[in-house]
file my_file08.cif (mmCIF, C-alpha atoms)
data_my_file
loop_
_atom_site.label_atom_id
_atom_site.label_comp_id
_atom_site.auth_asym_id
_atom_site.auth_seq_id
_atom_site.Cartn_x
_atom_site.Cartn_y
_atom_site.Cartn_z
CA MET G 44 138.30 117.64 55.79
CA THR G 45 141.76 116.49 56.83
CA THR G 46 144.47 115.28 54.50
CA ALA G 47 146.10 111.99 55.40
CA ARG G 48 149.77 112.38 56.17
CA PRO G 49 152.05 110.23 53.96
CA THR G 50 153.32 107.08 55.65
CA ARG G 51 157.01 107.24 56.44
CA PRO G 52 158.94 104.41 54.89
CA GLY G 53 159.96 101.72 57.35
CA THR G 54 163.54 100.81 58.15
CA ALA G 55 163.48 97.91 55.67
CA HIS G 56 162.60 100.26 52.80
CA ARG G 57 165.51 102.55 53.70
CA LEU G 58 167.87 99.61 53.96
CA ALA G 59 166.61 98.13 50.68
CA ALA G 60 167.11 101.42 48.86
CA LEU G 61 170.62 101.71 50.29
CA ALA G 62 171.48 98.11 49.35
CA GLU G 63 170.07 98.40 45.83
CA GLU G 64 172.07 101.55 45.23
CA ALA G 65 175.24 99.93 46.57
CA LEU G 66 174.76 96.69 44.63
CA GLY G 67 173.52 98.25 41.39
CA GLY G 68 170.18 96.43 41.15
CA ALA G 69 167.07 95.13 42.87
CA LEU G 70 167.42 92.92 45.94
CA PRO G 71 167.10 89.21 45.08
CA VAL G 72 165.66 88.36 48.55
CA ARG G 73 163.12 89.93 50.85
CA LEU G 74 164.43 92.12 53.66
CA ARG G 75 163.00 92.42 57.19
CA ALA G 76 164.39 95.02 59.59
CA TRP G 77 164.49 95.17 63.38
CA ASP G 78 161.31 97.31 63.46
CA GLY G 79 159.29 94.60 61.68
CA SER G 80 159.11 96.42 58.35
CA GLU G 81 159.72 94.47 55.13
CA ALA G 82 160.76 95.28 51.57
CA GLY G 83 161.72 93.39 48.44
CA PRO G 84 160.34 90.34 46.62
CA ALA G 85 157.33 88.75 48.28
CA ALA G 86 158.36 85.14 47.68
CA GLY G 87 161.43 83.20 48.78
CA PRO G 88 163.73 83.44 51.79
CA VAL G 89 163.83 86.51 54.00
CA LEU G 90 167.05 88.24 55.06
CA VAL G 91 166.43 89.41 58.63
CA VAL G 92 168.45 92.39 59.94
CA ARG G 93 167.94 91.93 63.66
CA SER G 94 169.69 95.03 64.98
CA ARG G 95 171.32 98.34 64.15
CA ARG G 96 174.61 96.66 65.07
CA ALA G 97 174.39 94.56 61.90
CA LEU G 98 174.16 97.71 59.79
CA ARG G 99 177.03 99.30 61.70
CA ARG G 100 179.14 96.20 61.09
CA LEU G 101 178.44 96.40 57.34
CA LEU G 102 179.42 100.07 57.27
CA TRP G 103 182.79 99.23 58.78
CA GLU G 104 183.27 96.03 56.75
CA PRO G 105 181.20 96.19 53.55
CA GLY G 106 180.98 93.04 51.45
CA GLU G 107 181.33 89.33 52.17
CA LEU G 108 183.27 89.57 55.43
CA GLY G 109 180.86 92.04 57.04
CA LEU G 110 177.88 89.92 56.04
CA ALA G 111 179.57 86.82 57.45
CA GLN G 112 180.41 88.57 60.72
CA ALA G 113 176.82 89.71 61.13
CA TYR G 114 175.50 86.23 60.31
CA VAL G 115 177.71 84.24 62.68
CA THR G 116 176.89 86.60 65.57
CA GLY G 117 173.15 86.31 64.86
CA GLU G 118 172.78 90.01 64.06
CA LEU G 119 171.78 88.94 60.56
CA ASP G 120 169.81 85.82 59.73
CA PHE G 121 167.92 84.03 56.99
CA GLU G 122 164.33 82.97 57.52
CA GLY G 123 163.73 80.03 55.24
CA ASP G 124 166.23 78.08 53.18
CA LEU G 125 169.70 79.63 53.55
CA ALA G 126 170.96 77.72 50.52
CA GLN G 127 168.08 79.10 48.44
CA GLY G 128 168.88 82.61 49.64
CA LEU G 129 172.57 82.32 48.76
CA ARG G 130 171.67 80.74 45.41
CA ALA G 131 169.37 83.70 44.64
CA MET G 132 172.10 86.19 45.54
CA TRP G 133 174.70 84.47 43.34
CA ALA G 134 172.19 84.20 40.48
CA ALA G 135 171.47 87.92 40.71
CA ALA G 136 175.17 88.72 40.62
CA ARG G 137 175.63 86.44 37.64
CA GLU G 138 172.53 87.33 35.63
CA ARG G 139 171.70 90.90 36.67
CA GLY G 140 175.18 92.22 37.20
CA LEU G 141 174.98 92.96 40.92
CA HIS G 142 178.39 93.91 42.26
CA PRO G 143 180.09 94.27 45.67
CA PRO G 144 179.36 97.56 47.44
CA ARG G 145 181.34 100.47 46.05
CA THR G 146 183.68 102.28 48.41
CA ALA G 147 183.81 105.66 46.67
CA LEU G 148 183.48 108.69 48.95
CA ALA G 149 180.03 109.66 47.64
CA ASP G 150 178.70 106.11 48.12
CA ARG G 151 180.01 105.94 51.66
CA ALA G 152 178.58 109.37 52.45
CA ARG G 153 175.09 108.23 51.37
CA ALA G 154 175.43 105.06 53.43
CA LEU G 155 176.54 107.02 56.49
CA GLY G 156 173.62 109.41 56.06
CA THR G 157 171.11 106.56 56.03
CA ALA G 158 172.83 104.93 59.02
CA ALA G 159 172.71 108.21 60.95
CA ARG G 160 168.97 108.55 60.33
CA LEU G 161 168.48 104.98 61.57
CA GLY G 162 170.64 105.49 64.66
CA ALA G 163 173.21 102.93 63.56
CA LEU G 164 176.40 104.98 63.66
CA GLY G 165 179.01 104.01 66.21
CA PRO G 166 182.47 102.49 66.73
CA ARG G 167 183.58 99.41 64.81
CA PRO G 168 182.08 96.29 66.42
CA PRO G 169 184.71 93.80 67.56
CA ALA G 170 185.33 90.83 65.29
CA PRO G 171 183.47 87.69 66.40
CA ALA G 172 185.39 85.38 68.70
CA SER G 173 185.35 82.64 66.04
CA GLN G 174 187.33 84.75 63.56
CA ALA G 175 190.99 83.83 63.15
CA ARG G 176 193.62 86.13 64.60
CA LEU G 177 197.01 85.30 63.14
CA ARG G 178 200.34 87.03 63.64
CA GLY G 179 203.72 86.83 62.01
CA GLY G 180 204.92 86.69 58.44
CA LEU G 181 202.66 85.12 55.85
CA HIS G 182 203.36 81.35 55.68
CA SER G 183 206.10 81.47 58.26
CA LYS G 184 206.21 78.13 60.05
CA ALA G 185 204.75 79.59 63.24
CA ARG G 186 201.89 81.31 61.42
CA ASP G 187 201.12 78.21 59.33
CA ARG G 188 200.98 76.18 62.55
CA ALA G 189 198.53 78.68 64.05
CA ALA G 190 196.41 78.71 60.88
CA ILE G 191 196.12 74.92 60.86
CA SER G 192 195.40 74.84 64.58
CA HIS G 193 192.59 77.41 64.22
CA HIS G 194 190.58 75.03 62.04
CA TYR G 195 191.74 71.49 62.68
CA ASP G 196 192.27 71.71 66.44
CA LEU G 197 188.69 72.85 67.04
CA SER G 198 188.30 69.48 68.78
CA ASN G 199 188.40 65.85 67.75
CA GLU G 200 184.97 65.44 69.35
CA PHE G 201 183.47 68.04 66.98
CA TYR G 202 184.86 66.37 63.87
CA ALA G 203 183.71 62.98 65.15
CA LEU G 204 180.19 64.44 65.34
CA LEU G 205 180.36 65.92 61.85
CA LEU G 206 182.21 63.25 59.86
CA ASP G 207 181.52 59.57 59.33
CA GLU G 208 183.44 56.71 60.92
CA THR G 209 186.34 57.07 58.45
CA MET G 210 187.08 60.57 59.84
CA ALA G 211 187.96 61.61 56.28
CA TYR G 212 187.64 65.39 55.92
CA SER G 213 187.97 65.65 52.14
CA CYS G 214 185.97 64.95 49.00
CA GLY G 215 184.54 61.44 48.81
CA TYR G 216 184.22 59.34 45.67
CA TRP G 217 180.58 58.47 44.99
CA ALA G 218 181.20 55.28 43.06
CA SER G 219 177.56 54.19 43.15
CA ASP G 220 174.13 55.81 42.87
CA ASP G 221 172.60 53.09 45.02
CA PRO G 222 170.67 54.82 47.85
CA ALA G 223 172.35 52.40 50.25
CA PHE G 224 175.77 53.82 49.29
CA THR G 225 176.65 56.10 52.19
CA ALA G 226 179.03 59.00 52.76
CA ALA G 227 181.34 56.57 54.56
CA ASP G 228 181.24 54.27 51.53
CA ALA G 229 182.19 57.25 49.34
CA GLN G 230 185.16 57.99 51.57
CA ARG G 231 186.35 54.39 51.52
CA ALA G 232 186.00 54.36 47.72
CA LYS G 233 188.12 57.53 47.56
CA LEU G 234 190.80 55.98 49.76
CA GLU G 235 190.83 52.81 47.67
CA LEU G 236 191.07 54.84 44.45
CA ILE G 237 194.06 56.76 45.80
CA CYS G 238 195.81 53.54 46.85
CA ARG G 239 195.21 52.03 43.41
CA LYS G 240 196.48 55.11 41.61
CA LEU G 241 199.59 55.02 43.78
CA ALA G 242 199.98 51.27 43.09
CA LEU G 243 200.47 50.49 46.79
CA GLU G 244 201.70 46.98 47.53
CA PRO G 245 202.64 45.31 50.83
CA GLY G 246 205.74 47.01 52.20
CA ALA G 247 205.50 50.05 49.91
CA ARG G 248 206.66 53.25 51.62
CA LEU G 249 203.93 55.92 51.57
CA LEU G 250 204.35 59.50 52.77
CA ASP G 251 200.98 61.06 53.69
CA ILE G 252 201.50 64.84 53.92
CA GLY G 253 198.67 66.57 55.76
CA CYS G 254 197.26 63.28 57.00
CA GLY G 255 194.26 64.74 58.83
CA TRP G 256 192.71 62.21 61.18
CA GLY G 257 194.57 59.43 59.42
CA SER G 258 191.91 58.08 57.07
CA LEU G 259 194.35 57.39 54.22
CA THR G 260 197.20 56.42 56.53
CA LEU G 261 195.13 53.82 58.37
CA TYR G 262 193.44 52.51 55.22
CA ALA G 263 196.73 52.10 53.35
CA ALA G 264 198.36 50.35 56.31
CA GLU G 265 195.43 48.02 57.04
CA ARG G 266 194.13 47.21 53.55
CA HIS G 267 197.31 47.48 51.46
CA LYS G 268 199.95 46.66 54.14
CA ALA G 269 201.91 49.82 53.28
CA GLN G 270 204.58 51.36 55.52
CA VAL G 271 203.21 54.86 56.14
CA THR G 272 204.73 58.04 57.47
CA ALA G 273 201.87 60.37 58.41
CA VAL G 274 202.61 64.09 58.73
CA THR G 275 200.36 66.79 60.20
CA LEU G 276 200.79 70.21 61.78
CA ALA G 277 197.69 69.80 63.98
CA ALA G 278 198.45 68.44 67.45
CA GLU G 279 194.87 67.19 67.96
CA GLN G 280 195.05 65.23 64.72
CA ALA G 281 198.42 63.71 65.54
CA ALA G 282 197.15 62.57 68.94
CA TYR G 283 194.06 61.01 67.35
CA VAL G 284 196.03 59.14 64.68
CA ARG G 285 198.53 57.83 67.21
CA GLU G 286 195.68 56.48 69.34
CA GLN G 287 194.11 54.80 66.31
CA VAL G 288 197.46 53.26 65.38
CA ARG G 289 197.79 51.88 68.90
CA GLU G 290 194.21 50.54 69.01
CA ARG G 291 194.50 48.86 65.61
CA GLY G 292 197.90 47.33 66.26
CA LEU G 293 199.60 49.21 63.41
CA ALA G 294 202.65 50.57 65.23
CA HIS G 295 204.90 48.40 63.09
CA ARG G 296 203.51 49.99 59.91
CA VAL G 297 202.72 53.62 60.80
CA ASP G 298 204.85 56.49 62.04
CA VAL G 299 203.00 59.71 62.96
CA VAL G 300 204.98 62.95 62.84
CA CYS G 301 203.70 66.36 63.94
CA GLN G 302 205.78 68.75 61.83
CA ASP G 303 205.87 71.16 58.91
CA TYR G 304 206.25 69.62 55.46
CA ARG G 305 209.35 71.79 55.02
CA ASP G 306 211.03 69.84 57.82
CA ILE G 307 210.50 66.35 56.38
CA ASP G 308 213.83 64.59 56.05
CA GLY G 309 214.79 61.65 53.90
CA GLY G 310 213.17 60.62 50.67
CA ALA G 311 212.98 57.72 48.23
CA TYR G 312 209.34 57.05 49.15
CA ASP G 313 207.51 54.77 46.76
CA ALA G 314 204.51 57.07 46.87
CA VAL G 315 203.53 60.46 48.25
CA ALA G 316 199.96 61.63 48.83
CA THR G 317 198.72 65.04 49.85
CA VAL G 318 194.94 65.23 50.12
CA GLU G 319 193.54 68.77 50.25
CA MET G 320 196.60 70.13 52.00
CA GLY G 321 198.16 72.03 49.09
CA GLU G 322 195.56 74.79 49.45
CA HIS G 323 197.21 75.74 52.75
CA VAL G 324 200.73 76.05 51.32
CA GLY G 325 200.38 79.53 49.87
CA ASP G 326 200.85 81.03 46.43
CA ALA G 327 204.51 82.04 46.59
CA GLU G 328 205.44 78.88 48.50
CA TYR G 329 203.86 76.35 46.14
CA PRO G 330 206.88 75.95 43.81
CA ALA G 331 208.98 74.90 46.82
CA PHE G 332 206.19 72.54 47.92
CA ALA G 333 206.10 70.93 44.47
CA ALA G 334 209.88 70.62 44.55
CA ALA G 335 209.62 68.86 47.92
CA LEU G 336 207.14 66.36 46.46
CA HIS G 337 209.65 65.63 43.69
CA ARG G 338 212.54 65.29 46.15
CA LEU G 339 210.69 62.98 48.53
CA VAL G 340 209.59 60.36 45.99
CA ARG G 341 211.96 57.89 44.32
CA PRO G 342 212.41 57.73 40.54
CA GLN G 343 209.31 56.04 39.06
CA GLY G 344 207.52 56.74 42.34
CA ARG G 345 204.06 58.29 42.18
CA VAL G 346 202.65 61.46 43.70
CA LEU G 347 198.92 62.05 44.15
CA VAL G 348 197.67 65.56 44.89
CA GLN G 349 193.98 65.99 45.64
CA GLN G 350 193.36 69.72 45.69
CA MET G 351 190.64 72.34 45.39
CA SER G 352 190.78 75.05 42.76
CA ARG G 353 189.25 78.40 41.86
CA GLY G 354 189.22 80.46 38.69
CA ARG G 355 191.71 83.16 37.77
CA ARG G 356 189.29 85.92 38.78
CA ALA G 357 188.68 84.43 42.23
CA PRO G 358 191.98 83.20 43.71
CA GLY G 359 192.59 82.62 47.38
CA GLY G 360 189.78 81.23 49.46
CA GLY G 361 187.40 84.19 49.76
CA ALA G 362 187.01 86.65 52.63
CA PHE G 363 184.79 84.42 54.78
CA ILE G 364 186.80 81.22 54.24
CA GLU G 365 190.10 82.95 54.95
CA ALA G 366 188.80 84.67 58.09
CA TYR G 367 186.92 81.77 59.66
CA ILE G 368 187.86 78.42 58.14
CA ALA G 369 191.26 78.27 56.46
CA PRO G 370 193.32 81.41 57.10
CA ASP G 371 195.95 82.21 54.46
CA MET G 372 194.74 79.47 52.11
CA HIS G 373 195.24 79.91 48.37
CA MET G 374 193.43 78.14 45.58
CA ARG G 375 194.44 78.60 41.94
CA PRO G 376 193.15 77.29 38.62
CA LEU G 377 193.79 73.59 38.03
CA GLY G 378 196.05 74.29 35.06
CA ALA G 379 198.30 76.48 37.17
CA THR G 380 198.78 73.70 39.72
CA VAL G 381 199.56 71.18 36.97
CA SER G 382 202.16 73.58 35.56
CA LEU G 383 203.81 74.02 38.95
CA LEU G 384 204.07 70.25 39.45
CA GLU G 385 205.57 69.81 36.00
CA GLU G 386 208.02 72.65 36.55
CA ALA G 387 209.22 70.78 39.65
CA GLY G 388 210.13 67.78 37.49
CA LEU G 389 207.03 65.64 38.01
CA GLU G 390 205.24 64.22 34.97
CA VAL G 391 201.46 64.59 35.29
CA ARG G 392 199.79 61.42 34.01
CA SER G 393 196.17 61.71 35.11
CA VAL G 394 193.77 64.44 36.21
CA GLU G 395 190.32 63.47 37.47
CA ALA G 396 187.72 66.12 38.31
CA LEU G 397 185.61 65.39 41.39
CA ARG G 398 183.59 68.62 41.60
CA GLU G 399 180.14 67.00 41.63
CA HIS G 400 181.40 64.47 44.18
CA TYR G 401 182.13 67.34 46.55
CA VAL G 402 178.59 68.69 46.28
CA ARG G 403 177.34 65.35 47.63
CA THR G 404 180.10 65.11 50.24
CA VAL G 405 179.60 68.60 51.68
CA SER G 406 175.81 68.19 51.57
CA ALA G 407 176.16 65.02 53.66
CA TRP G 408 178.24 66.91 56.24
CA HIS G 409 175.63 69.68 56.32
CA ARG G 410 172.79 67.22 56.92
CA THR G 411 174.75 65.77 59.82
CA LEU G 412 175.36 69.26 61.23
CA GLU G 413 171.64 70.07 61.19
CA ASP G 414 170.64 66.66 62.55
CA ARG G 415 173.10 67.06 65.44
CA TRP G 416 172.71 70.81 65.87
CA ASP G 417 172.04 70.76 69.62
CA ASP G 418 175.06 68.54 70.26
CA VAL G 419 177.27 70.75 68.09
CA VAL G 420 176.13 73.91 69.89
CA LYS G 421 176.74 72.28 73.25
CA LEU G 422 180.26 71.32 72.16
CA VAL G 423 181.52 74.43 70.30
CA GLY G 424 178.91 77.15 70.92
CA VAL G 425 176.24 78.66 68.70
CA GLU G 426 178.59 81.13 66.98
CA THR G 427 180.95 78.42 65.73
CA ALA G 428 177.98 76.25 64.78
CA ARG G 429 176.66 79.14 62.63
CA VAL G 430 180.13 79.50 61.06
CA TRP G 431 179.97 75.88 59.99
CA ARG G 432 176.40 76.15 58.70
CA LEU G 433 177.40 79.07 56.47
CA TYR G 434 180.62 77.31 55.43
CA LEU G 435 179.00 74.03 54.43
CA ILE G 436 175.99 75.53 52.65
CA GLY G 437 178.15 78.06 50.83
CA GLY G 438 180.77 75.44 49.97
CA ALA G 439 178.27 73.01 48.46
CA LEU G 440 176.84 75.85 46.36
CA ALA G 441 180.30 76.94 45.17
CA PHE G 442 181.04 73.43 43.88
CA GLU G 443 177.56 73.09 42.41
CA GLU G 444 177.95 76.33 40.44
CA ALA G 445 181.56 75.57 39.38
CA ARG G 446 183.00 78.53 41.27
CA MET G 447 185.23 75.97 42.95
CA GLY G 448 186.57 72.63 41.78
CA VAL G 449 188.51 69.71 43.21
CA ASP G 450 190.73 67.27 41.34
CA GLN G 451 192.98 64.27 41.82
CA ILE G 452 196.28 64.89 40.03
CA LEU G 453 198.49 61.82 39.63
CA SER G 454 202.09 62.39 38.64
CA VAL G 455 205.29 60.39 38.54
CA ARG G 456 208.96 61.20 38.98
CA PRO G 457 210.48 59.80 35.78
CA THR G 458 213.99 58.41 35.63
CA ALA G 459 216.73 60.41 33.90
CA PRO G 460 216.10 58.58 30.59
CA GLY G 461 212.38 59.30 30.97
CA ALA G 462 210.97 55.96 32.18
CA ALA G 463 207.76 56.44 34.21
CA GLY G 464 207.08 52.83 35.13
CA LEU G 465 203.31 53.17 34.72
CA PRO G 466 201.12 50.62 32.94
CA ALA G 467 199.81 51.59 29.53
CA THR G 468 196.22 51.83 30.78
CA PRO G 469 194.70 52.29 34.28
CA THR G 470 192.46 49.24 33.93
CA THR G 471 192.50 48.32 37.62
CA TRP G 472 191.73 51.73 39.10
CA TYR G 473 187.93 51.59 38.95
CA ARG G 474 187.12 47.88 38.81
CA ALA G 475 184.49 46.96 41.43
CA MET G 476 185.14 50.28 43.18
CA GLU G 477 181.70 50.41 44.81
CA GLN G 478 182.53 47.22 46.70
CA SER G 479 185.90 48.34 48.06
#
call {"tool": "encode", "arguments": {"input": "my_file08.cif", "output": "structure tokens"}}
result
Amino acid sequence: MTTARPTRPGTAHRLAALAEEALGGALPVRLRAWDGSEAGPAAGPVLVVRSRRALRRLLWEPGELGLAQAYVTGELDFEGDLAQGLRAMWAAARERGLHPPRTALADRARALGTAARLGALGPRPPAPASQARLRGGLHSKARDRAAISHHYDLSNEFYALLLDETMAYSCGYWASDDPAFTAADAQRAKLELICRKLALEPGARLLDIGCGWGSLTLYAAERHKAQVTAVTLAAEQAAYVREQVRERGLAHRVDVVCQDYRDIDGGAYDAVATVEMGEHVGDAEYPAFAAALHRLVRPQGRVLVQQMSRGRRAPGGGAFIEAYIAPDMHMRPLGATVSLLEEAGLEVRSVEALREHYVRTVSAWHRTLEDRWDDVVKLVGVETARVWRLYLIGGALAFEEARMGVDQILSVRPTAPGAAGLPATPTTWYRAMEQS
């Protein structure tokens, strides 16, 4: 009689044991390794480790960045609903206390031992081509220009594929639950709300800092007859806005400037808007940015800042966001931004949270990405397309779970005696907004 030899655990079991030890708890998703073996929960999405190179990448860069690098290169993938997989991972961290991999010597030694047995040791894999590579001092003008170019100069054709006809790349305002109310309608409602909060009238001078593809600039000039100075650091954006100004016959109302906000001359604008640009300014530089907003607007002029936020325990943008989407960005708690604006001499008069609006906005962008996947891949390549899939799914989830927020902050520069020049109540801001 022969005794059956015990079955050797497959690669997935070794990886699962290593991951559970590193994370401090059971895996929230099923794991499939390159040899076909599987481990972990039977139901739900499956995390597929396609090659030893993925494990090697995680050894060199444990945590969020290593996972992102492996995902965008296709060395790591999700089979099933990626959003469900990320949701399960965040829920496990929140409810079961899973933590980022520890980097103590003993923990790394165990990880290296497992990797050696699996034949995964080797030199550090190069960073994916889609990862930002910036040089120079943090938030120097040259580095800021490169950071903006990395994301916003991807190509106007790509953003035209992803966004709606407004070309607004910021949180929309979902003023109606009517199924016929589209993402473009939400963007137009947001633009109208901003113009109303800024009390734009024909001839009013508006400074649009970080104008993007000109959605607010063009809307304010066409619908409210404002005189707009549009400022962007991205050359592709500036070229697009100038072409739109020419096509729409708005040259007499719009001036497009490709420059750093620190180089803006003049002042006495009736209104200043900066829509999701303040996140790129930097932590140490934000007081000077707030001071510039105060300097550029006239007394009793209004300033609207639409800006994303994160909690005190999660500042910045996160390893993946900062490496692939918005290098050097910094998000802070809402209250900290309000304090910085007030310290600059602006009086904050209204704060409106739009967090749930961003869930719907980002989800709409993601649906478009998936619907036009083949066109996106043809235009920017599969690696960049996977960057955007991870970015949009992860972003929608972060807003959904309140790990990120976004707010419209309206402030005014009061006169020396303290006059703000605002009406007692904002009765006209929301009236018939869904029809704007």
call {"tool": "atom_distance", "arguments": {"input": "my_file08.cif", "atom1": "atom CA of Asn199 of chain G", "atom2": "atom CA of Phe332 of chain G"}}
result
27.5 Å
call {"tool": "closest_residue", "arguments": {"input": "my_file08.cif", "among": "G:Trp431, G:Trp416, G:Trp103, G:Phe442", "to": "Gly354 of chain G", "atoms": "all atoms listed in the file"}}
result
G:Phe442
call {"tool": "residues_near_point", "arguments": {"input": "my_file08.cif", "point": "(180.6, 58.4, 57.0)", "cutoff": "9 Å", "atoms": "all atoms listed in the file", "output": "mmCIF file with C-alpha atoms, in the frame of the given file"}}
result
data_model
loop_
_atom_site.group_PDB
_atom_site.id
_atom_site.type_symbol
_atom_site.label_atom_id
_atom_site.label_comp_id
_atom_site.auth_asym_id
_atom_site.auth_seq_id
_atom_site.Cartn_x
_atom_site.Cartn_y
_atom_site.Cartn_z
ATOM 1 C CA LEU G 205 180.360 65.920 61.850
ATOM 2 C CA LEU G 206 182.210 63.250 59.860
ATOM 3 C CA ASP G 207 181.520 59.570 59.330
ATOM 4 C CA GLU G 208 183.440 56.710 60.920
ATOM 5 C CA THR G 209 186.340 57.070 58.450
ATOM 6 C CA MET G 210 187.080 60.570 59.840
ATOM 7 C CA ALA G 211 187.960 61.610 56.280
ATOM 8 C CA THR G 225 176.650 56.100 52.190
ATOM 9 C CA ALA G 226 179.030 59.000 52.760
ATOM 10 C CA ALA G 227 181.340 56.570 54.560
ATOM 11 C CA ASP G 228 181.240 54.270 51.530
ATOM 12 C CA ALA G 229 182.190 57.250 49.340
ATOM 13 C CA GLN G 230 185.160 57.990 51.570
ATOM 14 C CA ARG G 231 186.350 54.390 51.520
ATOM 15 C CA ALA G 407 176.160 65.020 53.660
ATOM 16 C CA TRP G 408 178.240 66.910 56.240
#
call {"tool": "residues_around", "arguments": {"input": "my_file08.cif", "residues": "segment 253-262 of chain G", "least_positions_apart": "4", "cutoff": "10 Å", "atoms": "all atoms listed in the file", "output": "MDAnalysis selection string"}}
result
chainID G and resid 195 199 202:203 208:213 230:231 233:235 237:238 249 266:277 279:285 287:288 291 293 296:304 316:321 323
call {"tool": "closest_residue", "arguments": {"input": "my_file08.cif", "among": "G:Pro376, G:Gly215, G:Gly109, G:Gly128", "to": "Ile436 of chain G", "atoms": "only C-alpha atoms"}}
result
G:Gly128
call {"tool": "resolve_selection", "arguments": {"input": "my_file08.cif", "expression": "the PyMOL selection byres ((chain G and resi 473) around 10)", "output": "list in words"}}
result
Ala218, Ala232, Glu235, Leu236, Arg239, Lys240, Pro469, Thr470, Thr471, Trp472, Arg474, Ala475, Met476, Glu477 and Ser479 of chain G
call {"tool": "write_last_selection", "arguments": {"input": "my_file08.cif", "atoms": "C-alpha atoms", "output": "mmCIF file, in the frame of the given file"}}
result
data_model
loop_
_atom_site.group_PDB
_atom_site.id
_atom_site.type_symbol
_atom_site.label_atom_id
_atom_site.label_comp_id
_atom_site.auth_asym_id
_atom_site.auth_seq_id
_atom_site.Cartn_x
_atom_site.Cartn_y
_atom_site.Cartn_z
ATOM 1 C CA ALA G 218 181.200 55.280 43.060
ATOM 2 C CA ALA G 232 186.000 54.360 47.720
ATOM 3 C CA GLU G 235 190.830 52.810 47.670
ATOM 4 C CA LEU G 236 191.070 54.840 44.450
ATOM 5 C CA ARG G 239 195.210 52.030 43.410
ATOM 6 C CA LYS G 240 196.480 55.110 41.610
ATOM 7 C CA PRO G 469 194.700 52.290 34.280
ATOM 8 C CA THR G 470 192.460 49.240 33.930
ATOM 9 C CA THR G 471 192.500 48.320 37.620
ATOM 10 C CA TRP G 472 191.730 51.730 39.100
ATOM 11 C CA ARG G 474 187.120 47.880 38.810
ATOM 12 C CA ALA G 475 184.490 46.960 41.430
ATOM 13 C CA MET G 476 185.140 50.280 43.180
ATOM 14 C CA GLU G 477 181.700 50.410 44.810
ATOM 15 C CA SER G 479 185.900 48.340 48.060
#
call {"tool": "resolve_selection", "arguments": {"input": "my_file08.cif", "expression": "the PyMOL selection byres ((chain G and resi 165) around 10)", "output": "PyMOL selection string"}}
result
chain G and resi 95-96+99-100+102-103+158-159+162-164+166-168
call {"tool": "decode", "arguments": {"input": "my_file08.cif", "residues": "segment 221-230 of chain G", "atoms": "N, CA, C and O atoms", "output": "mmCIF file, in the first residue's frame"}}
result
data_model
loop_
_atom_site.group_PDB
_atom_site.id
_atom_site.type_symbol
_atom_site.label_atom_id
_atom_site.label_comp_id
_atom_site.auth_asym_id
_atom_site.auth_seq_id
_atom_site.Cartn_x
_atom_site.Cartn_y
_atom_site.Cartn_z
ATOM 1 N N ASP G 221 -34.362 63.856 -13.474
ATOM 2 C CA ASP G 221 -35.010 63.390 -14.700
ATOM 3 C C ASP G 221 -34.005 62.560 -15.499
ATOM 4 O O ASP G 221 -32.879 62.993 -15.742
ATOM 5 N N PRO G 222 -34.376 61.338 -15.910
ATOM 6 C CA PRO G 222 -33.452 60.500 -16.688
ATOM 7 C C PRO G 222 -32.953 61.176 -17.961
ATOM 8 O O PRO G 222 -31.889 60.821 -18.474
ATOM 9 N N ALA G 223 -33.720 62.138 -18.456
ATOM 10 C CA ALA G 223 -33.312 62.846 -19.670
ATOM 11 C C ALA G 223 -32.249 63.903 -19.397
ATOM 12 O O ALA G 223 -31.683 64.475 -20.333
ATOM 13 N N PHE G 224 -31.966 64.178 -18.117
ATOM 14 C CA PHE G 224 -30.964 65.170 -17.737
ATOM 15 C C PHE G 224 -29.587 64.522 -17.882
ATOM 16 O O PHE G 224 -29.243 63.569 -17.193
ATOM 17 N N THR G 225 -28.791 65.021 -18.805
ATOM 18 C CA THR G 225 -27.537 64.382 -19.179
ATOM 19 C C THR G 225 -26.338 64.972 -18.441
ATOM 20 O O THR G 225 -26.448 65.985 -17.751
ATOM 21 N N ALA G 226 -25.182 64.336 -18.659
ATOM 22 C CA ALA G 226 -23.940 64.864 -18.085
ATOM 23 C C ALA G 226 -23.648 66.261 -18.625
ATOM 24 O O ALA G 226 -23.164 67.132 -17.894
ATOM 25 N N ALA G 227 -23.949 66.500 -19.889
ATOM 26 C CA ALA G 227 -23.758 67.836 -20.458
ATOM 27 C C ALA G 227 -24.694 68.849 -19.805
ATOM 28 O O ALA G 227 -24.303 69.996 -19.539
ATOM 29 N N ASP G 228 -25.925 68.429 -19.519
ATOM 30 C CA ASP G 228 -26.855 69.305 -18.808
ATOM 31 C C ASP G 228 -26.303 69.647 -17.421
ATOM 32 O O ASP G 228 -26.424 70.790 -16.959
ATOM 33 N N ALA G 229 -25.716 68.659 -16.757
ATOM 34 C CA ALA G 229 -25.151 68.889 -15.425
ATOM 35 C C ALA G 229 -23.998 69.874 -15.484
ATOM 36 O O ALA G 229 -23.824 70.714 -14.592
ATOM 37 N N GLN G 230 -23.208 69.798 -16.545
ATOM 38 C CA GLN G 230 -22.106 70.751 -16.680
ATOM 39 C C GLN G 230 -22.623 72.158 -16.953
ATOM 40 O O GLN G 230 -22.128 73.130 -16.380
#
